[in-house]
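> Sharing protein_12.txt, compact mmCIF, C-alpha atoms:
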```
# COMPACT_ATOMS: atom_id res chain seq x y z
CA MET A 1 0.00 0.00 0.00
CA THR A 2 1.37 3.42 -0.96
CA ASP A 3 2.12 5.83 1.85
CA LYS A 4 -0.09 8.84 0.98
CA LYS A 5 1.90 11.15 3.22
CA SER A 6 5.16 10.33 1.41
CA GLU A 7 3.47 10.99 -1.93
CA ARG A 8 2.88 14.59 -0.81
CA ASP A 9 6.36 15.03 0.63
CA LEU A 10 8.13 17.63 -1.54
CA SER A 11 11.57 16.27 -0.61
CA ASP A 12 10.72 12.64 -1.36
CA ARG A 13 12.12 11.12 -4.55
CA LYS A 14 9.49 10.19 -7.12
CA PHE A 15 11.47 7.51 -8.93
CA TYR A 16 12.04 4.19 -7.20
CA PRO A 17 15.73 3.44 -6.49
CA ALA A 18 17.38 0.73 -8.55
CA ASP A 19 17.40 -1.85 -5.75
CA LYS A 20 13.64 -1.40 -5.28
CA GLU A 21 12.98 -1.84 -9.00
CA ALA A 22 15.02 -5.02 -8.93
CA GLU A 23 12.85 -6.30 -6.07
CA PHE A 24 9.68 -5.76 -8.13
CA GLU A 25 10.94 -8.30 -10.62
CA LYS A 26 11.27 -10.91 -7.87
CA ILE A 27 7.88 -10.12 -6.33
CA HIS A 28 5.99 -10.37 -9.61
CA PRO A 29 7.66 -13.12 -11.65
CA HIS A 30 6.08 -13.72 -15.03
CA GLN A 31 7.53 -16.87 -16.58
CA THR A 32 7.13 -16.50 -20.30
CA PRO A 33 9.54 -17.12 -23.17
CA GLN A 34 10.13 -13.38 -23.26
CA THR A 35 10.95 -12.92 -19.57
CA ALA A 36 13.07 -16.09 -19.51
CA HIS A 37 15.39 -14.78 -22.22
CA PRO A 38 18.64 -13.02 -21.11
CA ALA A 39 17.67 -9.98 -23.21
CA TYR A 40 14.94 -9.22 -20.67
CA LYS A 41 17.32 -8.90 -17.71
CA LEU A 42 17.88 -5.46 -16.25
CA ALA A 43 21.19 -4.29 -17.67
CA TYR A 44 22.82 -3.73 -14.27
CA GLN A 45 21.89 -7.26 -13.16
CA ASP A 46 23.05 -8.94 -16.36
CA THR A 47 26.56 -10.20 -15.59
CA ASP A 48 27.08 -11.64 -19.06
CA PHE A 49 26.27 -8.23 -20.54
CA LEU A 50 28.56 -6.36 -18.12
CA LEU A 51 31.46 -8.69 -19.00
CA ARG A 52 31.27 -8.06 -22.74
CA ASP A 53 34.30 -6.40 -24.35
CA GLU A 54 32.20 -3.39 -25.33
CA LEU A 55 31.49 -2.72 -21.63
CA ARG A 56 35.14 -2.29 -20.69
CA PRO A 57 34.74 1.52 -20.29
CA VAL A 58 31.87 0.90 -17.86
CA ARG A 59 33.97 -1.58 -15.87
CA PHE A 60 36.77 0.99 -15.74
CA GLN A 61 34.35 3.49 -14.28
CA LEU A 62 33.02 1.00 -11.73
CA GLU A 63 36.53 0.14 -10.53
CA LEU A 64 37.29 3.82 -10.17
CA LEU A 65 34.03 4.64 -8.42
CA LYS A 66 33.50 1.77 -5.97
CA PRO A 67 36.78 2.09 -4.01
CA GLU A 68 36.52 5.88 -4.06
CA MET A 69 33.05 5.76 -2.52
CA LEU A 70 33.95 3.12 0.09
CA LEU A 71 37.10 4.93 1.21
CA ASP A 72 35.25 8.22 1.39
CA GLU A 73 32.47 6.63 3.46
CA ALA A 74 35.14 5.15 5.75
CA GLY A 75 36.51 8.63 6.46
CA VAL A 76 39.90 7.98 4.86
CA GLY A 77 41.47 11.34 4.11
CA SER A 78 44.96 10.27 3.11
CA THR A 79 47.12 7.17 3.02
CA LEU A 80 50.63 5.95 3.71
CA VAL A 81 51.20 3.53 0.85
CA VAL A 82 53.59 0.60 1.20
CA TYR A 83 55.05 -1.09 -1.90
CA GLY A 84 57.31 -4.14 -1.77
CA SER A 85 58.00 -7.77 -2.51
CA ALA A 86 55.52 -10.61 -2.06
CA ARG A 87 58.43 -13.04 -1.52
CA ILE A 88 60.53 -11.74 1.39
CA PRO A 89 59.99 -13.97 4.46
CA PRO A 90 59.19 -12.53 7.89
CA PRO A 91 62.13 -12.67 10.36
CA GLU A 92 60.58 -15.55 12.32
CA ALA A 93 60.49 -17.68 9.17
CA ALA A 94 64.04 -16.88 8.08
CA GLN A 95 65.79 -19.81 9.76
CA THR A 96 63.18 -22.27 8.52
CA ALA A 97 63.74 -21.00 4.97
CA LEU A 98 67.51 -21.41 5.32
CA ASP A 99 67.16 -24.91 6.74
CA GLY A 100 64.93 -25.89 3.84
CA ALA A 101 67.46 -24.57 1.34
CA LYS A 102 70.47 -26.59 2.54
CA ASP A 103 70.06 -29.37 0.02
CA LEU A 104 69.08 -27.21 -2.93
CA PRO A 105 71.39 -26.53 -5.89
CA GLU A 106 73.78 -23.65 -5.21
CA ASP A 107 71.99 -21.07 -7.39
CA GLU A 108 68.61 -21.86 -5.81
CA ARG A 109 70.10 -21.81 -2.31
CA ARG A 110 71.67 -18.42 -3.01
CA VAL A 111 68.29 -16.99 -4.00
CA ILE A 112 66.78 -18.15 -0.68
CA GLU A 113 69.71 -16.68 1.22
CA ASN A 114 69.29 -13.34 -0.56
CA LEU A 115 65.60 -13.23 0.29
CA VAL A 116 66.32 -14.08 3.92
CA LYS A 117 68.84 -11.22 4.12
CA LYS A 118 66.00 -8.87 3.27
CA SER A 119 63.69 -10.19 6.01
CA LYS A 120 64.72 -7.15 8.07
CA TYR A 121 62.58 -5.07 5.71
CA TYR A 122 59.51 -7.06 6.73
CA ALA A 123 60.20 -5.81 10.25
CA GLU A 124 60.74 -2.23 9.09
CA ALA A 125 57.50 -2.21 7.05
CA TYR A 126 55.70 -3.50 10.15
CA ASN A 127 57.33 -0.85 12.36
CA LEU A 128 56.56 2.01 9.99
CA ALA A 129 52.90 1.01 9.66
CA LYS A 130 52.58 0.62 13.42
CA LEU A 131 54.28 3.95 14.06
CA ALA A 132 52.06 5.84 11.60
CA SER A 133 48.90 4.14 12.85
CA GLU A 134 49.63 4.89 16.50
CA LYS A 135 49.76 8.61 15.70
CA SER A 136 46.04 8.53 14.72
CA ILE A 137 46.21 11.86 12.91
CA ILE A 138 42.78 13.38 12.23
CA GLU A 139 42.38 16.41 9.99
CA ASP A 140 39.15 17.93 8.65
CA GLY A 141 37.29 15.07 10.34
CA LYS A 142 39.12 12.45 8.26
CA ARG A 143 41.81 9.93 9.12
CA GLN A 144 45.24 10.72 7.71
CA PHE A 145 48.11 8.39 6.78
CA VAL A 146 45.92 5.30 6.85
CA VAL A 147 48.17 2.38 5.92
CA CYS A 148 47.50 1.03 2.43
CA SER A 149 49.18 -1.98 0.85
CA GLY A 150 48.62 -4.29 -2.10
CA GLY A 151 46.83 -6.62 0.31
CA GLY A 152 49.08 -9.60 -0.38
CA PRO A 153 51.81 -11.45 1.55
CA SER A 154 55.31 -10.49 2.74
CA ILE A 155 56.01 -6.72 2.81
CA MET A 156 52.33 -6.00 2.16
CA GLU A 157 51.28 -8.28 5.02
CA ALA A 158 53.83 -6.62 7.31
CA ALA A 159 52.27 -3.20 6.68
CA ASN A 160 48.72 -4.37 7.37
CA LYS A 161 49.87 -6.32 10.43
CA GLY A 162 51.65 -3.28 11.86
CA ALA A 163 48.46 -1.24 11.58
CA SER A 164 46.33 -4.06 12.99
CA ASP A 165 48.61 -4.57 16.00
CA SER A 166 48.31 -0.88 16.81
CA GLY A 167 44.51 -1.22 16.83
CA ALA A 168 44.08 0.71 13.58
CA GLU A 169 42.32 -0.13 10.36
CA SER A 170 44.23 -0.53 7.10
CA ILE A 171 43.52 -0.86 3.38
CA GLY A 172 44.38 -3.71 1.03
CA LEU A 173 44.14 -3.20 -2.73
CA ASN A 174 44.20 -6.74 -4.02
CA ILE A 175 44.05 -7.88 -7.63
CA ILE A 176 42.69 -10.93 -9.43
CA LEU A 177 45.51 -13.02 -10.91
CA PRO A 178 45.55 -16.33 -12.81
CA HIS A 179 47.15 -18.03 -9.79
CA GLU A 180 45.60 -17.98 -6.34
CA GLN A 181 45.72 -14.55 -4.73
CA ALA A 182 43.94 -13.72 -1.48
CA PRO A 183 44.10 -10.77 0.92
CA ASN A 184 46.30 -11.23 3.96
CA GLN A 185 44.48 -11.71 7.25
CA TYR A 186 45.42 -8.28 8.64
CA VAL A 187 43.57 -6.15 6.09
CA THR A 188 40.44 -4.56 7.55
CA PRO A 189 37.62 -6.55 5.89
CA TYR A 190 35.50 -3.60 4.79
CA LEU A 191 38.64 -1.93 3.39
CA SER A 192 39.70 -5.03 1.48
CA LEU A 193 39.19 -4.06 -2.16
CA ASN A 194 39.66 -6.19 -5.24
CA PHE A 195 40.58 -5.15 -8.78
CA HIS A 196 40.56 -6.56 -12.27
CA TYR A 197 42.60 -3.74 -13.84
CA PHE A 198 46.16 -2.99 -12.72
CA ALA A 199 45.77 0.56 -14.04
CA LEU A 200 42.80 1.36 -11.80
CA ARG A 201 44.48 -0.30 -8.82
CA LYS A 202 47.59 1.83 -9.29
CA MET A 203 45.44 4.94 -9.59
CA HIS A 204 43.81 4.20 -6.23
CA PHE A 205 47.20 3.67 -4.62
CA LEU A 206 48.03 7.29 -5.42
CA LEU A 207 44.72 9.18 -5.28
CA ARG A 208 44.91 9.53 -1.49
CA ALA A 209 48.65 8.93 -1.00
CA ARG A 210 50.55 11.51 1.04
CA ALA A 211 53.66 9.36 1.49
CA VAL A 212 54.90 6.18 -0.19
CA ALA A 213 57.34 3.68 1.30
CA VAL A 214 59.06 1.51 -1.31
CA PHE A 215 60.78 -1.67 -0.13
CA PRO A 216 62.84 -4.13 -2.18
CA GLY A 217 60.64 -5.90 -4.70
CA GLY A 218 60.24 -7.21 -8.22
CA PHE A 219 58.54 -6.13 -11.43
CA GLY A 220 55.35 -5.00 -9.65
CA THR A 221 57.24 -2.82 -7.18
CA PHE A 222 59.42 -1.40 -9.97
CA ASP A 223 56.31 -0.58 -12.00
CA GLU A 224 54.59 1.20 -9.10
CA PHE A 225 57.77 3.02 -8.03
CA PHE A 226 58.74 4.28 -11.48
CA GLU A 227 55.21 5.37 -12.34
CA LEU A 228 55.16 7.44 -9.15
CA LEU A 229 58.55 8.98 -10.00
CA THR A 230 57.34 9.76 -13.52
CA LEU A 231 54.17 11.45 -12.28
CA ILE A 232 56.11 13.73 -9.95
CA GLN A 233 59.02 14.31 -12.36
CA THR A 234 56.62 15.43 -15.11
CA GLY A 235 54.58 17.64 -12.79
CA LYS A 236 51.39 15.57 -13.09
CA MET A 237 51.50 15.02 -9.34
CA LYS A 238 52.67 17.22 -6.49
CA PRO A 239 55.82 16.13 -4.64
CA MET A 240 55.45 13.89 -1.59
CA PRO A 241 57.81 11.84 0.58
CA ILE A 242 58.98 8.77 -1.37
CA LEU A 243 60.87 6.62 1.10
CA LEU A 244 63.19 4.16 -0.61
CA PHE A 245 64.24 1.38 1.76
CA GLY A 246 67.35 -0.69 1.07
CA LYS A 247 70.06 1.34 -0.63
CA GLU A 248 72.28 -1.72 -1.06
CA PHE A 249 69.51 -3.55 -2.95
CA TRP A 250 68.36 -0.66 -5.11
CA THR A 251 71.82 0.57 -6.16
CA ARG A 252 72.73 -3.00 -7.10
CA VAL A 253 69.72 -3.56 -9.36
CA ILE A 254 69.39 0.02 -10.72
CA ASP A 255 72.25 2.39 -11.47
CA PHE A 256 70.54 5.70 -10.72
CA GLU A 257 73.82 7.62 -11.04
CA ALA A 258 74.36 6.18 -14.52
CA LEU A 259 70.93 7.42 -15.61
CA ALA A 260 71.93 10.93 -14.53
CA ASP A 261 75.38 10.62 -16.13
CA GLU A 262 73.80 9.50 -19.40
CA GLY A 263 71.56 12.55 -19.32
CA THR A 264 68.32 10.58 -19.63
CA ILE A 265 67.22 12.03 -16.29
CA SER A 266 68.26 15.20 -14.52
CA ARG A 267 70.60 14.83 -11.56
CA LYS A 268 68.00 16.76 -9.59
CA ASP A 269 65.56 13.90 -10.25
CA LEU A 270 67.62 11.82 -7.81
CA GLU A 271 66.20 14.07 -5.09
CA LEU A 272 62.65 12.84 -5.75
CA PHE A 273 63.15 9.99 -3.28
CA HIS A 274 64.72 9.70 0.15
CA TRP A 275 66.93 6.79 1.21
CA CYS A 276 65.79 5.00 4.37
CA GLU A 277 66.84 2.01 6.41
CA SER A 278 64.56 2.31 9.43
CA ALA A 279 60.93 3.09 10.15
CA GLU A 280 61.93 5.88 12.52
CA GLU A 281 64.00 7.58 9.84
CA ALA A 282 61.11 7.32 7.37
CA TRP A 283 58.56 8.77 9.78
CA GLU A 284 60.97 11.59 10.68
CA HIS A 285 61.17 12.51 6.99
CA ILE A 286 57.35 12.48 6.68
CA THR A 287 56.84 14.67 9.76
CA THR A 288 59.50 17.12 8.57
CA PHE A 289 58.01 17.32 5.08
CA TYR A 290 54.50 18.06 6.41
CA GLU A 291 55.64 19.99 9.49
CA LEU A 292 53.76 17.64 11.78
CA ASP A 293 54.11 17.39 15.55
CA ARG A 294 56.33 14.44 16.34
```
Go through the file and emit its structure as structure tokens.

Amino acid sequence: MTDKKSERDLSDRKFYPADKEAEFEKIHPHQTPQTAHPAYKLAYQDTDFLLRDELRPVRFQLELLKPEMLLDEAGVGSTLVVYGSARIPPPEAAQTALDGAKDLPEDERRVIENLVKKSKYYAEAYNLAKLASEKSIIEDGKRQFVVCSGGGPSIMEAANKGASDSGAESIGLNIILPHEQAPNQYVTPYLSLNFHYFALRKMHFLLRARAVAVFPGGFGTFDEFFELLTLIQTGKMKPMPILLFGKEFWTRVIDFEALADEGTISRKDLELFHWCESAEEAWEHITTFYELDR
């Protein structure tokens, strides 16, 4: 029965919302050849339609809009983004990894040993996330420097765990991959977001970012790190603290000085990031950059 009072309410919407319209279809099912055909489905409930190649622009928009709305509703003002490897073991698993590598061929054993050497960065990612989360900075009614990771294992897990152990919420931006990929257990469930498109995921990493910590990693970390450098170098994005952990690792795998010597980047571009080895040093750089109370 229609509420007569609501019909006369000047502020009441006159069109039914989409979820209500969808309910009408369930309440009044009419099983005919016409209604049984997929063509009759409401477009926004037709998964097969939404997954067509022609609907890619719509899916782009949805992956941009959904996380933006959820993070806004959660009161997230800005983020501290953590990039890094999905393969570095936590310190407590280091000895087990070494023991398991004893009988491996030399080249495989060396890889395990190199990963174990970097387990200290798991601890530093944890410490930085915990330190930032304990500060609980609120500005304009929104939470600032909310920890945000890729939602996966290793360095990403360390960041979410550090926030969780401080009693704070944290974000995980996961992505669907051909092999099994699940969010780590420390991501706040209602801030655990999933993506199909790498491009949209990377955009959300940076839309709210006010500082980015980059730990040793592989192709994914390189991609995220260099895109961030490019955005700031070209003036598409305002400068922010980029905290590069592990000078020994990074200078071994990338010759930054050679890039400057070759003239393909400016020597001033080497100032876009700040070398770090500890969480305390990273947080000090952030607080100095933003003139925050320590």
> Given the choices A:Met203, A:Val212, A:Ala86, A:Met156, which gets closest to Gln185 (chain A) if the distance is worked out from all atoms listed in the file?
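Ranked by minimum distance to Gln185 (chain A), first place goes to A:Met156.
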> Mind giving me the straight-line distance from CA of Ala211 (chain A) to CA of Phe225 (chain A) in Å, one decimal?
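Taking CA of Ala211 (chain A) as the start and CA of Phe225 (chain A) as the end point, the length is 12.2 Å.
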> Between CA of Thr47 (chain A) and CA of Pro183 (chain A), what is the distance in Å, rounded to a tenth?
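Atom-to-atom, CA of Thr47 (chain A) and CA of Pro183 (chain A) are spaced 24.1 Å apart.
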> Can you pull out the residues contacting region 266-273 of chain A? Cut-off 7 Å, using all atoms listed in the file, and skip same-chain residues under 3 positions away; I want them as a list of chain:residue names.
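Once the adjacent positions are removed, what remains is A:Gln233, A:Pro241, A:Ile242, A:Leu243, A:Leu244, A:Ala260, A:Gly263.
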> For Thr79 (chain A), please output as a PyMOL selection string all residues within 9 Å (counting all atoms listed in the file; exclusion window: fewer than 5 positions along the same chain).
chain A and resi 143-148+171+205-212
> I'd like to know which of A:Phe219, A:Tyr40, A:His274, A:Thr35 is closest to Pro239 (chain A), using all atoms listed in the file.
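Comparing A:Phe219, A:Tyr40, A:His274, A:Thr35 against Pro239 (chain A), the winner is A:His274.
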> Quick one: everything within 12 Å of Arg109 (chain A), counting all atoms listed in the file, minus sequence neighbours fewer than 5 positions away in the same chain. Send it as a PyMOL selection string.
chain A and resi 97-104+114-116
> Closest to Glu277 (chain A) among A:Gly167, A:Gly246, A:Gly217, A:Gly151, using only C-alpha atoms?
A:Gly246
> Ranking A:Leu259, A:Glu108, A:Thr230, A:Ala279 by minimum distance to Ala159 (chain A) and counting all atoms listed in the file, which one comes first?
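Nearest to Ala159 (chain A): A:Ala279.
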> I need the residue nearest Pro89 (chain A) from this list: A:Asp48, A:Asp72, A:Glu23, A:Glu157. Use all atoms listed in the file for the distance.
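Selected residue with least distance to Pro89 (chain A): A:Glu157.
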> List as a list in words the protein and nucleic acid residues near region 17-22 of chain A, meaning an atom at most 10 Å away when all atoms listed in the file are counted, but skip any in the same chain fewer than 2 places from it.
Arg13, Lys14, Phe15, Phe24, Glu25, Lys26, Ile27, Lys41, Leu42, Tyr44 and Gln45 of chain A
> Please report the interatomic distance between CA of Trp283 (chain A) and CA of Leu131 (chain A) in Å with one decimal.
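Separation between CA of Trp283 (chain A) and CA of Leu131 (chain A): 7.7 Å.
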> Go through A:Glu227, A:Asn174, A:Asn194, A:Arg8 and flag the residue nearest Lys66 (chain A), using only C-alpha atoms for the distances.
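Between A:Glu227, A:Asn174, A:Asn194, A:Arg8, the residue approaching Lys66 (chain A) most closely is A:Asn194.
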